[in-house]
$ cat start-v1.txt   # compact mmCIF, C-alpha atoms
# COMPACT_ATOMS: atom_id res chain seq x y z
CA MET A 23 -24.76 29.30 18.57
CA GLY A 24 -28.35 30.06 19.45
CA ARG A 25 -31.15 27.95 18.22
CA GLU A 26 -34.28 29.07 16.53
CA PRO A 27 -37.55 28.68 18.45
CA TRP A 28 -38.66 25.76 16.31
CA GLU A 29 -35.40 23.99 17.09
CA LYS A 30 -36.05 24.48 20.78
CA GLU A 31 -39.47 22.97 20.18
CA LEU A 32 -37.76 20.07 18.41
CA LYS A 33 -35.48 19.40 21.37
CA ASP A 34 -38.38 19.65 23.82
CA GLY A 35 -40.43 17.38 21.60
CA LEU A 36 -37.72 14.74 21.57
CA GLU A 37 -37.39 14.89 25.32
CA LYS A 38 -41.13 14.74 25.80
CA GLY A 39 -41.48 11.86 23.37
CA THR A 40 -38.89 9.79 25.18
CA GLU A 41 -40.07 10.63 28.69
CA ASP A 42 -42.08 7.46 29.14
CA ALA A 43 -39.08 5.29 28.35
CA MET A 44 -37.27 6.82 31.31
CA LYS A 45 -39.51 4.86 33.64
CA GLN A 46 -37.50 1.79 32.68
CA GLN A 47 -34.32 3.16 34.17
CA ASP A 48 -34.34 0.98 37.30
CA GLU A 49 -35.55 -2.04 35.44
CA ILE A 50 -32.71 -1.74 32.92
CA TRP A 51 -30.17 -1.37 35.68
CA ALA A 52 -31.51 -4.50 37.37
CA SER A 53 -31.03 -6.44 34.11
CA ILE A 54 -27.53 -5.08 33.62
CA LYS A 55 -26.55 -5.95 37.17
CA LYS A 56 -27.93 -9.44 36.79
CA ARG A 57 -25.87 -10.02 33.66
CA ILE A 58 -22.72 -8.59 35.17
CA ASP A 59 -23.15 -10.77 38.24
CA SER A 60 -23.56 -13.76 36.03
CA GLU A 61 -20.46 -12.88 33.98
CA ARG A 62 -18.40 -12.27 37.07
CA ALA A 63 -19.51 -15.54 38.58
CA SER A 64 -18.43 -17.41 35.47
CA GLN A 65 -15.09 -15.60 35.47
CA SER A 66 -14.36 -16.07 39.12
CA SER A 67 -12.55 -19.36 38.46
CA GLU A 68 -10.18 -17.59 36.08
CA PRO A 69 -6.96 -16.14 37.45
CA ALA A 70 -7.75 -12.57 36.48
CA ALA A 71 -11.03 -10.82 36.03
CA VAL A 72 -10.29 -9.68 32.53
CA PRO A 73 -12.71 -6.78 32.06
CA PHE A 74 -11.36 -4.94 35.03
CA ALA A 75 -7.78 -5.99 35.01
CA PRO A 76 -5.98 -2.81 35.99
CA ARG A 77 -4.58 -1.13 32.99
CA LYS A 78 -0.85 -1.07 32.72
CA THR A 79 0.00 2.48 33.49
CA LYS A 80 1.75 4.57 30.97
CA ALA A 81 5.48 4.59 31.22
CA ARG A 82 5.79 8.26 31.87
CA ARG A 83 9.36 8.73 32.81
CA SER A 84 9.94 12.21 33.90
CA GLY A 85 13.26 13.80 33.37
CA ARG A 86 14.02 12.06 30.10
CA LYS A 87 15.88 14.13 27.66
CA THR A 88 12.92 14.23 25.37
CA ALA A 89 13.69 17.28 23.32
CA SER A 90 17.30 16.43 22.70
CA TRP A 91 16.43 12.87 21.83
CA MET A 92 13.89 14.03 19.34
CA VAL A 93 16.42 16.29 17.73
CA GLY A 94 18.91 13.42 17.79
CA THR A 95 16.44 11.09 16.15
CA ALA A 96 15.66 13.49 13.40
CA ALA A 97 19.36 14.09 12.86
CA ALA A 98 20.01 10.36 12.70
CA ALA A 99 17.32 9.92 10.10
CA VAL A 100 18.81 12.67 8.01
CA ILE A 101 22.28 11.17 8.35
CA VAL A 102 21.01 7.74 7.30
CA LEU A 103 19.59 9.22 4.16
CA ALA A 104 22.52 11.48 3.48
CA LEU A 105 25.08 8.73 3.93
CA SER A 106 23.18 6.39 1.72
CA VAL A 107 23.46 8.86 -1.10
CA GLN A 108 27.15 9.55 -0.64
CA THR A 109 28.64 6.17 0.08
CA PRO A 110 27.86 2.49 -0.24
CA PRO A 111 26.22 1.21 2.93
CA VAL A 112 28.55 -0.11 5.56
CA GLN A 113 26.66 -2.28 7.98
CA ALA A 114 28.83 -1.47 10.95
CA PHE A 115 28.34 2.18 10.36
CA ILE A 116 24.64 1.78 9.88
CA ASP A 117 24.46 -0.04 13.18
CA GLN A 118 26.24 2.87 14.74
CA VAL A 119 23.71 5.22 13.22
CA LYS A 120 20.95 3.12 14.65
CA GLU A 121 22.36 3.79 18.06
CA TRP A 122 21.77 7.43 17.46
CA PHE A 123 18.07 6.81 17.52
CA ALA A 124 16.95 7.49 21.01
CA PRO A 125 16.03 4.39 22.98
CA GLN A 126 12.89 6.17 24.00
CA LYS A 127 11.09 9.22 22.86
CA THR A 128 8.08 11.17 23.91
CA VAL A 129 5.36 11.07 21.33
CA GLU A 130 2.47 13.43 21.37
CA GLN A 131 -0.57 12.60 19.37
CA GLU A 132 -4.20 13.55 19.16
CA LEU A 133 -6.77 10.86 19.49
CA GLU A 134 -10.40 11.80 19.13
CA GLY A 135 -9.44 15.40 19.54
CA SER A 136 -7.63 14.88 22.81
CA PRO A 137 -3.89 15.20 23.17
CA GLU A 138 -2.10 12.15 24.45
CA THR A 139 1.51 11.78 25.42
CA SER A 140 3.35 8.49 25.59
CA VAL A 141 6.95 7.42 25.99
CA ASP A 142 7.60 5.09 23.11
CA SER A 143 10.50 2.68 22.91
CA LEU A 144 12.77 2.06 19.98
CA HIS A 145 12.51 -1.30 18.27
CA GLU A 146 15.10 -2.24 15.70
CA SER A 147 14.75 -4.65 12.90
CA ALA A 148 17.15 -5.50 10.10
CA ASP A 149 16.23 -2.60 7.87
CA TYR A 150 14.23 -0.20 9.95
CA VAL A 151 13.47 1.19 13.35
CA ILE A 152 10.10 2.00 14.82
CA TYR A 153 8.91 3.42 18.11
CA ILE A 154 6.30 1.52 20.09
CA ASP A 155 4.30 2.42 23.14
CA GLU A 156 5.13 -0.68 25.15
CA SER A 157 2.34 -0.10 27.60
CA ARG A 158 -0.02 -0.92 24.75
CA PHE A 159 1.86 -2.90 22.15
CA LYS A 160 4.50 -5.56 21.84
CA MET A 161 6.60 -6.53 18.87
CA ILE A 162 7.13 -10.09 17.79
CA GLN A 163 9.92 -10.44 15.28
CA GLY A 164 9.44 -13.31 12.88
CA GLU A 165 11.07 -14.59 9.75
CA GLY A 166 10.38 -11.99 7.15
CA VAL A 167 7.44 -10.52 9.06
CA ASP A 168 7.50 -8.48 12.23
CA ARG A 169 4.25 -8.22 14.07
CA ILE A 170 3.09 -5.54 16.48
CA GLU A 171 0.06 -6.45 18.50
CA PRO A 172 -1.76 -5.18 21.59
CA VAL A 173 -0.35 -6.23 24.93
CA HIS A 174 -3.86 -6.66 26.26
CA LYS A 175 -5.93 -8.51 23.75
CA PRO A 176 -9.67 -8.67 24.21
CA GLU A 177 -10.62 -12.18 25.16
CA ASP A 178 -14.05 -11.84 23.71
CA ASP A 179 -13.85 -13.63 20.39
CA ARG A 180 -16.32 -11.23 18.82
CA TYR A 181 -13.47 -8.78 18.44
CA PRO A 182 -11.57 -9.19 15.21
CA GLU A 183 -7.82 -9.46 15.49
CA VAL A 184 -5.81 -6.28 15.85
CA TYR A 185 -2.21 -6.14 14.68
CA MET A 186 0.31 -4.48 12.43
CA GLU A 187 2.72 -6.51 10.34
CA ILE A 188 5.83 -5.22 8.62
CA SER A 189 7.40 -7.13 5.79
CA GLN A 190 9.20 -6.47 2.53
CA ASP A 191 8.39 -7.37 -1.03
CA GLN A 192 10.76 -7.58 -3.96
CA GLU A 193 8.43 -5.70 -6.26
CA ALA A 194 7.97 -1.95 -6.56
CA PRO A 195 5.36 -0.22 -4.38
CA LYS A 196 2.95 0.50 -7.22
CA VAL A 197 3.00 -3.11 -8.38
CA VAL A 198 2.48 -4.38 -4.85
CA SER A 199 -0.35 -1.96 -4.17
CA GLU A 200 -2.15 -3.02 -7.35
CA ARG A 201 -1.69 -6.64 -6.44
CA LEU A 202 -3.04 -6.11 -2.94
CA GLU A 203 -5.97 -4.12 -4.24
CA ALA A 204 -6.81 -7.00 -6.58
CA GLU A 205 -6.47 -9.51 -3.75
CA LEU A 206 -8.91 -7.52 -1.66
CA SER A 207 -11.43 -7.03 -4.44
CA ASP A 208 -13.82 -9.54 -2.88
CA GLN A 209 -14.22 -7.24 0.14
CA PRO A 210 -17.31 -5.00 0.21
CA LYS A 211 -15.29 -1.81 0.21
CA VAL A 212 -11.80 -1.31 -1.19
CA GLU A 213 -9.95 1.94 -1.72
CA ALA A 214 -6.44 2.60 -2.97
CA GLU A 215 -4.53 5.83 -3.32
CA ALA A 216 -1.11 7.38 -3.42
CA ILE A 217 -0.23 8.97 -0.10
CA GLN A 218 2.42 11.21 1.36
CA GLU A 219 1.57 10.74 4.98
CA PRO A 220 2.43 8.90 7.23
CA VAL A 221 4.71 7.48 4.53
CA ASN A 222 5.35 8.40 0.96
CA GLY A 223 3.85 5.56 -1.05
CA PHE A 224 0.49 3.88 -1.46
CA GLU A 225 -2.38 3.01 0.79
CA VAL A 226 -4.80 0.18 0.13
CA ARG A 227 -7.71 -0.03 2.52
CA ALA A 228 -10.51 -2.56 2.69
CA VAL A 229 -13.51 -2.86 4.94
CA GLY A 230 -14.81 -6.40 5.33
CA GLY A 231 -17.96 -7.76 6.90
CA THR A 232 -20.85 -5.52 6.00
CA GLY A 233 -18.57 -2.91 4.48
CA GLY A 234 -18.80 -0.41 7.30
CA LYS A 235 -22.15 -0.84 8.93
CA GLU A 236 -21.21 -3.14 11.80
CA TRP A 237 -19.03 -2.21 14.75
CA ASN A 238 -16.85 -5.25 14.22
CA ASP A 239 -16.34 -5.05 10.48
CA PRO A 240 -12.67 -5.82 9.97
CA ILE A 241 -10.54 -3.13 8.39
CA VAL A 242 -7.29 -3.93 6.62
CA ARG A 243 -5.01 -1.07 5.72
CA TYR A 244 -1.79 -1.51 3.83
CA TYR A 245 0.97 1.05 3.52
CA ILE A 246 3.33 0.22 0.68
CA PHE A 247 6.45 2.26 0.16
CA ASP A 248 9.90 2.10 -1.36
CA ASN A 249 12.44 0.12 0.65
CA GLY A 250 15.30 1.72 -1.22
CA GLN A 251 16.43 -1.62 -2.57
CA GLY A 252 14.17 -1.89 -5.56
CA GLY A 253 11.39 -3.40 -3.51
CA SER A 254 8.81 -2.30 -0.99
CA PHE A 255 8.06 -2.21 2.64
CA VAL A 256 4.57 -3.58 3.15
CA VAL A 257 2.88 -2.61 6.39
CA LYS A 258 -0.39 -4.35 7.03
CA GLN A 259 -2.64 -2.97 9.73
CA GLN A 260 -5.70 -4.84 10.83
CA TYR A 261 -8.32 -3.61 13.24
CA PHE A 262 -12.07 -3.16 13.20
CA LEU A 263 -14.55 -0.40 12.66
CA GLU A 264 -15.17 0.47 16.28
CA ALA A 265 -11.41 0.62 16.83
CA ALA A 266 -10.72 2.88 13.86
CA GLU A 267 -10.08 5.90 16.01
CA GLY A 268 -8.21 3.93 18.62
CA TYR A 269 -6.00 1.24 17.17
CA GLY A 270 -6.37 2.60 13.66
CA ALA A 271 -5.13 6.03 14.67
CA ARG A 272 -2.36 4.60 16.83
CA PHE A 273 -1.05 2.40 14.03
CA HIS A 274 -1.21 5.31 11.65
CA ASN A 275 0.72 7.52 14.05
CA MET A 276 3.21 4.76 14.78
CA MET A 277 4.18 4.80 11.13
CA LYS A 278 5.24 8.42 11.50
CA GLU A 279 8.11 7.09 13.59
CA PHE A 280 9.16 4.44 11.12
CA HIS A 281 12.68 5.00 9.80
CA ILE A 282 14.52 2.98 7.20
CA THR A 283 18.04 2.28 8.38
CA THR A 284 19.84 0.30 5.66
CA ASN A 285 20.91 1.69 2.35
CA ALA A 286 17.27 2.34 1.96
CA GLY A 287 16.63 5.83 0.84
CA GLU A 288 19.41 5.62 -1.70
CA LYS A 289 16.94 5.41 -4.49
CA GLN A 290 14.46 7.77 -2.91
CA ALA A 291 17.11 10.35 -2.19
CA GLY A 292 18.65 9.83 -5.59
CA GLU A 293 15.34 10.46 -7.25
CA GLY A 294 15.10 13.74 -5.47
CA GLU A 295 18.31 15.00 -6.96
CA MET B 24 -16.15 12.89 37.95
CA VAL B 25 -16.56 10.32 35.20
CA HIS B 26 -12.81 10.06 34.91
CA ASP B 27 -12.43 9.29 38.61
CA LEU B 28 -15.27 6.85 38.51
CA ILE B 29 -13.76 4.92 35.65
CA GLN B 30 -10.34 4.99 37.17
CA ARG B 31 -11.72 3.48 40.35
CA LEU B 32 -13.68 0.93 38.37
CA GLN B 33 -10.57 -0.05 36.44
CA GLN B 34 -8.77 -0.59 39.71
CA GLU B 35 -11.56 -2.59 41.23
CA TYR B 36 -15.05 -3.26 40.04
CA SER B 37 -17.98 -2.63 42.30
CA ASP B 38 -21.69 -2.65 41.53
CA GLU B 39 -22.06 0.59 43.39
CA LEU B 40 -19.55 2.44 41.22
CA PHE B 41 -20.84 0.94 38.01
CA GLU B 42 -24.35 1.93 38.98
CA GLN B 43 -23.13 5.49 39.50
CA LEU B 44 -21.72 5.43 35.99
CA TYR B 45 -24.98 3.99 34.69
CA ARG B 46 -27.04 6.70 36.41
CA LEU B 47 -24.86 9.38 34.89
CA TYR B 48 -25.46 8.16 31.36
CA ALA B 49 -28.77 6.31 31.59
CA ASP B 50 -30.93 9.32 30.83
CA ARG B 51 -29.36 10.24 27.53
CA ALA B 52 -28.77 6.61 26.59
CA ILE B 53 -32.40 5.60 27.10
CA ARG B 54 -33.76 8.67 25.35
CA THR B 55 -31.36 8.32 22.43
CA ALA B 56 -32.00 4.62 21.99
CA THR B 57 -35.75 5.19 22.20
CA ALA B 58 -35.70 7.92 19.58
CA ILE B 59 -33.44 5.91 17.28
CA THR B 60 -35.13 2.54 17.54
CA GLY B 61 -38.58 4.08 17.85
CA SER B 62 -39.58 1.92 20.78
CA ALA B 63 -39.05 2.02 24.52
CA ALA B 64 -38.86 -1.77 24.73
CA SER B 65 -36.13 -1.94 22.08
CA ALA B 66 -34.32 0.90 23.81
CA ALA B 67 -34.20 -1.13 27.02
CA ASP B 68 -32.41 -3.95 25.17
CA VAL B 69 -30.06 -1.55 23.42
CA VAL B 70 -29.13 0.28 26.61
CA GLN B 71 -28.62 -2.95 28.46
CA GLU B 72 -26.26 -4.22 25.73
CA THR B 73 -24.48 -0.89 25.68
CA PHE B 74 -23.66 -0.98 29.36
CA ILE B 75 -22.66 -4.63 29.21
CA ARG B 76 -20.26 -3.69 26.47
CA VAL B 77 -18.98 -0.79 28.55
CA TYR B 78 -18.47 -3.19 31.45
CA ARG B 79 -16.58 -5.67 29.31
CA ASN B 80 -14.32 -3.07 27.78
CA LEU B 81 -13.80 -0.64 30.59
CA GLY B 82 -10.55 -2.34 31.50
CA MET B 83 -9.20 -1.42 28.09
CA TYR B 84 -10.59 2.09 28.10
CA ASP B 85 -7.89 4.71 27.76
CA LEU B 86 -8.28 7.20 30.58
CA SER B 87 -6.41 9.87 28.69
CA ARG B 88 -9.28 10.09 26.22
CA PRO B 89 -12.71 11.58 26.78
CA PHE B 90 -15.33 9.07 27.81
CA ASP B 91 -18.35 10.56 26.06
CA PRO B 92 -17.33 9.86 22.44
CA TRP B 93 -16.38 6.33 23.41
CA PHE B 94 -19.71 5.79 25.13
CA HIS B 95 -21.72 7.39 22.34
CA ARG B 96 -19.98 5.23 19.80
CA ILE B 97 -20.88 2.07 21.66
CA LEU B 98 -24.45 3.25 22.07
CA TYR B 99 -24.73 4.11 18.39
CA ASN B 100 -23.28 0.76 17.37
CA GLU B 101 -25.78 -1.04 19.55
CA CYS B 102 -28.63 0.99 18.05
CA ASN B 103 -27.36 0.16 14.61
CA ARG B 104 -27.07 -3.49 15.50
CA TYR B 105 -30.69 -3.42 16.60
CA LEU B 106 -31.81 -1.64 13.43
CA LYS B 107 -29.93 -4.11 11.31
CA LYS B 108 -31.42 -7.04 13.12
CA HIS B 109 -34.79 -5.57 12.34
CA ALA B 110 -33.80 -4.78 8.76
CA ARG B 111 -33.47 -1.09 9.32
CA MET B 112 -29.80 -0.63 8.82
CA VAL B 113 -28.59 2.95 8.60
CA PRO B 114 -27.43 3.46 5.04
CA SER B 115 -23.83 4.49 4.61
CA GLU B 116 -22.60 7.16 2.23
CA ILE B 117 -22.95 4.83 -0.72
CA SER B 118 -26.70 5.19 -0.60
CA GLU B 119 -26.62 8.76 0.62
CA GLU B 120 -29.21 10.18 -1.71
CA THR B 121 -32.22 8.65 -0.12
CA ASP B 122 -35.06 11.05 -0.56
CA LEU B 123 -37.16 12.31 2.23
CA PRO B 124 -40.91 12.19 1.91
CA PRO B 125 -41.95 14.48 -0.94
CA GLU B 126 -42.76 18.11 -0.39
CA THR B 127 -46.43 17.47 -0.95
CA ASP B 128 -46.58 14.92 1.82
CA THR B 129 -48.93 15.90 4.54
CA TYR B 130 -49.73 14.09 7.70
CA GLU B 131 -52.74 14.37 9.84
CA PHE B 132 -51.14 16.60 12.40
CA ASP B 133 -54.33 16.85 14.33
CA ARG B 134 -53.63 13.30 15.39
CA HIS B 135 -49.91 12.96 14.68
CA GLY B 136 -48.90 16.50 15.30
CA ASP B 137 -46.48 15.78 18.06
CA VAL B 138 -42.93 16.83 17.24
CA TYR B 139 -41.60 13.49 18.36
CA GLU B 140 -43.86 11.76 15.88
CA MET B 141 -42.57 14.01 13.15
CA VAL B 142 -39.02 13.00 13.93
CA GLN B 143 -40.09 9.38 13.82
CA ARG B 144 -41.47 9.97 10.34
CA LEU B 145 -37.98 10.67 9.07
CA ASP B 146 -36.03 7.75 7.71
CA ASP B 147 -33.19 6.39 9.80
CA GLU B 148 -30.38 8.19 8.01
CA HIS B 149 -31.99 11.56 8.64
CA ARG B 150 -33.56 10.82 11.99
CA ILE B 151 -30.41 9.62 13.70
CA PRO B 152 -28.35 12.79 13.16
CA ILE B 153 -31.33 14.83 14.35
CA VAL B 154 -31.63 12.74 17.50
CA LEU B 155 -27.91 12.94 18.18
CA LYS B 156 -27.83 16.67 17.63
CA TYR B 157 -30.93 17.75 19.47
CA LEU B 158 -31.19 15.14 22.18
CA ASN B 159 -27.48 14.77 22.89
CA ASP B 160 -26.30 18.19 21.79
CA LEU B 161 -23.54 16.61 19.75
CA ALA B 162 -21.52 18.62 17.29
CA GLU B 163 -21.67 17.67 13.62
CA LYS B 164 -18.08 16.48 13.75
CA ASP B 165 -18.88 14.14 16.64
CA ILE B 166 -21.93 12.81 14.83
CA ALA B 167 -19.81 12.23 11.73
CA ASP B 168 -17.19 10.36 13.74
CA MET B 169 -19.80 8.28 15.44
CA MET B 170 -21.60 7.38 12.23
CA GLU B 171 -18.38 6.98 10.27
CA LEU B 172 -19.53 9.58 7.81
CA ASN B 173 -18.03 12.61 6.22
CA VAL B 174 -18.95 15.81 8.11
CA ASN B 175 -20.45 17.24 4.96
CA THR B 176 -22.71 14.22 4.65
CA VAL B 177 -23.92 14.80 8.19
CA LYS B 178 -24.46 18.47 7.46
CA SER B 179 -26.41 17.59 4.36
CA ARG B 180 -28.58 15.09 6.19
CA LEU B 181 -29.21 17.53 9.01
CA PHE B 182 -30.06 20.26 6.55
CA LYS B 183 -32.59 18.10 4.72
CA ALA B 184 -34.09 16.76 7.92
CA ARG B 185 -34.35 20.19 9.50
CA LYS B 186 -35.95 21.58 6.39
CA LYS B 187 -38.54 18.85 6.37
CA LEU B 188 -39.23 19.11 10.09
CA LYS B 189 -39.54 22.87 9.95
CA GLU B 190 -41.93 22.54 7.07
CA TRP B 191 -44.06 20.04 8.95
CA MET B 192 -44.02 22.15 12.06
CA LEU B 193 -45.10 25.25 10.17
CA GLN B 194 -47.74 23.18 8.43
CA ARG B 195 -49.05 22.00 11.77
CA GLN B 196 -49.03 25.53 13.10
CA GLY B 197 -50.98 26.71 10.05
CA GLY B 198 -53.36 23.78 10.38
CA SER B 199 -54.05 24.40 14.01
CA GLN B 200 -54.50 28.11 13.35
CA HIS B 201 -57.04 27.29 10.70
CA GLY B 202 -58.67 24.80 12.96
CA THR B 203 -59.17 27.22 15.82
$ encode --input "start-v1.txt" --output "structure tokens"
Amino acid sequence: MGREPWEKELKDGLEKGTEDAMKQQDEIWASIKKRIDSERASQSSEPAAVPFAPRKTKARRSGRKTASWMVGTAAAAVIVLALSVQTPPVQAFIDQVKEWFAPQKTVEQELEGSPETSVDSLHESADYVIYIDESRFKMIQGEGVDRIEPVHKPEDDRYPEVYMEISQDQEAPKVVSERLEAELSDQPKVEAEAIQEPVNGFEVRAVGGTGGKEWNDPIVRYYIFDNGQGGSFVVKQQYFLEAAEGYGARFHNMMKEFHITTNAGEKQAGEGE
Amino acid sequence: MVHDLIQRLQQEYSDELFEQLYRLYADRAIRTATAITGSAASAADVVQETFIRVYRNLGMYDLSRPFDPWFHRILYNECNRYLKKHARMVPSEISEETDLPPETDTYEFDRHGDVYEMVQRLDDEHRIPIVLKYLNDLAEKDIADMMELNVNTVKSRLFKARKKLKEWMLQRQGGSQHGT
């Protein structure tokens, strides 16, 4: 789109007004270099130079049966739900169904407007499966809480923690979401709403710190949804403002590949009848 | 080019490569930081911090994503950090309806008639989108992402700021015409 003459004048004016500052270019570089040298010198005793540790390359495995696996996965999810409506859950059978989820699948997502493809691996827990890009994340299964966290954590302690935790609660999603919203009420910014994507349930989101003005303000996002057993799955995602479009988006997208695998869905499917 | 540079830097750091990256982005970074903070000296600090942050995080940078938004975000955050430190935090949407100087405001454009000075007269929440749009040629969506604002909020701020700037510029034009 063309600009009006006065807008051209505005652009020129901004460039002209900042021209003097450009004289500092070499001076600024000298300061940057000095600081980097100093940081590298202090890190040299450490086994790995963290800032430039080569990134683990993406596990792009060509020749995988991506399309068929994706179809298989979708079919498995449908079967899990369908079976749960028709018959009481049989653990052995459910386990068999779990096997129908592809061990790996190609996930395409858009981050900051750019398409990204990763080969995500299946992780199974007692009542669900989820796909994780293992080049970026690892899963730590604990008692009652499974935690997904970055493989490469920033060592700089100015970065708030980044993780996603999956647990279950005996109470219904709405009750849990109201409770969590109340618990977060001391945070500068709290929002709660019913959602249909990436899961059908509730989202409670809080921004800590300055409430969204600082790069490192912590963000906590909960997804609360029916676990099919009268209770809820509670997924807690924590990251920080600057990482909202990175980790935040990845966690959000990861939930699109979350599948309940027990008799979960019985209630949900039943309600739909 | 940037992609290759970063890839090589991720494999092995060298001052030479990092300086190449710096030279590619220094111009817009220094100009942007100057126009946002309103001072060349502050801009030097902001740009320095920005590149230090880039250095520290380049290992974690995802090569499959475009570098510019990532860089701009860091730069904006550093500018904001500076403004906050100097009690000039950019208001979020909560305090969106900050008014611009009233319509009747006039400035002595004979002395302060420079366009850059006019931009500096805007408050932070209106000046920053203008700087990002006209100095960096960023799209409204990119500005919104960077400032963590709704696109419509950015559009609204740009609209108000443009209106005011245009008014001042016409005023100056009229003034100088009368003066000659």
$ closest_residue --input "start-v1.txt" --among "A:Gly223, A:Gly234, A:Pro182, A:Gly253" --to "chain B" --atoms "all atoms listed in the file"
A:Gly234
$ residues_around --input "start-v1.txt" --residues "Ala162 of chain B" --least-positions-apart "2" --cutoff "12 Å" --atoms "only C-alpha atoms" --output "list in words"
Met23 of chain A; Pro92, Pro152, Ile153, Val154, Leu155, Lys156, Tyr157, Leu158, Asn159, Asp160, Lys164, Asp165, Ile166, Ala167, Asp168, Met169, Val174, Val177, Lys178 and Leu181 of chain B
$ interface_residues --input "start-v1.txt" --of "chain B" --to "chain A" --cutoff "6 Å" --atoms "all atoms listed in the file" --output "list in words"
Gln33, Gln34, Arg54, Ala63, Gln71, Arg79, Asn80, Gly82, Asn100, Val138, Tyr139 and Tyr157 of chain B
$ residues_near_point --input "start-v1.txt" --point "(-14.1, -10.2, 7.3)" --cutoff "10 Å" --atoms "all atoms listed in the file" --output "tab-separated table (two decimals) with C-alpha atoms, keeping the file's coordinate frame"
chain	number	residue	atom	x	y	z
A	182	PRO	CA	-11.57	-9.19	15.21
A	209	GLN	CA	-14.22	-7.24	0.14
A	210	PRO	CA	-17.31	-5.00	0.21
A	228	ALA	CA	-10.51	-2.56	2.69
A	229	VAL	CA	-13.51	-2.86	4.94
A	230	GLY	CA	-14.81	-6.40	5.33
A	231	GLY	CA	-17.96	-7.76	6.90
A	232	THR	CA	-20.85	-5.52	6.00
A	233	GLY	CA	-18.57	-2.91	4.48
A	238	ASN	CA	-16.85	-5.25	14.22
A	239	ASP	CA	-16.34	-5.05	10.48
A	240	PRO	CA	-12.67	-5.82	9.97
A	241	ILE	CA	-10.54	-3.13	8.39
A	242	VAL	CA	-7.29	-3.93	6.62
A	262	PHE	CA	-12.07	-3.16	13.20
$ atom_distance --input "start-v1.txt" --atom1 "atom CA of Glu193 of chain A" --atom2 "atom CA of Ile162 of chain A"
24.5 Å
$ build_atoms --input "start-v1.txt" --residues "segment 157-167 of chain B" --atoms "N, CA, C and O atoms" --output "PDB file, in the coordinates of the input"
ATOM      1  N   TYR B 157     -29.997  17.007  18.614  1.00  0.00           N
ATOM      2  CA  TYR B 157     -30.930  17.750  19.470  1.00  0.00           C
ATOM      3  C   TYR B 157     -31.170  17.092  20.834  1.00  0.00           C
ATOM      4  O   TYR B 157     -31.525  17.766  21.783  1.00  0.00           O
ATOM      5  N   LEU B 158     -30.982  15.797  20.888  1.00  0.00           N
ATOM      6  CA  LEU B 158     -31.190  15.140  22.180  1.00  0.00           C
ATOM      7  C   LEU B 158     -29.874  15.076  22.957  1.00  0.00           C
ATOM      8  O   LEU B 158     -29.850  15.157  24.173  1.00  0.00           O
ATOM      9  N   ASN B 159     -28.777  14.903  22.221  1.00  0.00           N
ATOM     10  CA  ASN B 159     -27.480  14.770  22.890  1.00  0.00           C
ATOM     11  C   ASN B 159     -26.599  16.004  22.761  1.00  0.00           C
ATOM     12  O   ASN B 159     -25.495  16.024  23.292  1.00  0.00           O
ATOM     13  N   ASP B 160     -27.081  16.969  22.007  1.00  0.00           N
ATOM     14  CA  ASP B 160     -26.300  18.190  21.790  1.00  0.00           C
ATOM     15  C   ASP B 160     -24.916  17.914  21.214  1.00  0.00           C
ATOM     16  O   ASP B 160     -23.926  18.548  21.596  1.00  0.00           O
ATOM     17  N   LEU B 161     -24.840  16.932  20.332  1.00  0.00           N
ATOM     18  CA  LEU B 161     -23.540  16.610  19.750  1.00  0.00           C
ATOM     19  C   LEU B 161     -23.229  17.519  18.572  1.00  0.00           C
ATOM     20  O   LEU B 161     -24.126  17.928  17.833  1.00  0.00           O
ATOM     21  N   ALA B 162     -21.959  17.797  18.422  1.00  0.00           N
ATOM     22  CA  ALA B 162     -21.520  18.620  17.290  1.00  0.00           C
ATOM     23  C   ALA B 162     -21.532  17.751  16.024  1.00  0.00           C
ATOM     24  O   ALA B 162     -21.462  16.518  16.103  1.00  0.00           O
ATOM     25  N   GLU B 163     -21.615  18.411  14.893  1.00  0.00           N
ATOM     26  CA  GLU B 163     -21.670  17.670  13.620  1.00  0.00           C
ATOM     27  C   GLU B 163     -20.454  16.775  13.444  1.00  0.00           C
ATOM     28  O   GLU B 163     -20.558  15.655  12.949  1.00  0.00           O
ATOM     29  N   LYS B 164     -19.314  17.259  13.863  1.00  0.00           N
ATOM     30  CA  LYS B 164     -18.080  16.480  13.750  1.00  0.00           C
ATOM     31  C   LYS B 164     -18.188  15.195  14.580  1.00  0.00           C
ATOM     32  O   LYS B 164     -17.798  14.106  14.134  1.00  0.00           O
ATOM     33  N   ASP B 165     -18.735  15.316  15.778  1.00  0.00           N
ATOM     34  CA  ASP B 165     -18.880  14.140  16.640  1.00  0.00           C
ATOM     35  C   ASP B 165     -19.871  13.143  16.050  1.00  0.00           C
ATOM     36  O   ASP B 165     -19.679  11.929  16.130  1.00  0.00           O
ATOM     37  N   ILE B 166     -20.933  13.688  15.460  1.00  0.00           N
ATOM     38  CA  ILE B 166     -21.930  12.810  14.830  1.00  0.00           C
ATOM     39  C   ILE B 166     -21.269  12.085  13.655  1.00  0.00           C
ATOM     40  O   ILE B 166     -21.454  10.875  13.460  1.00  0.00           O
ATOM     41  N   ALA B 167     -20.486  12.832  12.891  1.00  0.00           N
ATOM     42  CA  ALA B 167     -19.810  12.230  11.730  1.00  0.00           C
ATOM     43  C   ALA B 167     -18.865  11.127  12.173  1.00  0.00           C
ATOM     44  O   ALA B 167     -18.836  10.042  11.588  1.00  0.00           O
TER      45      ALA B 167
END
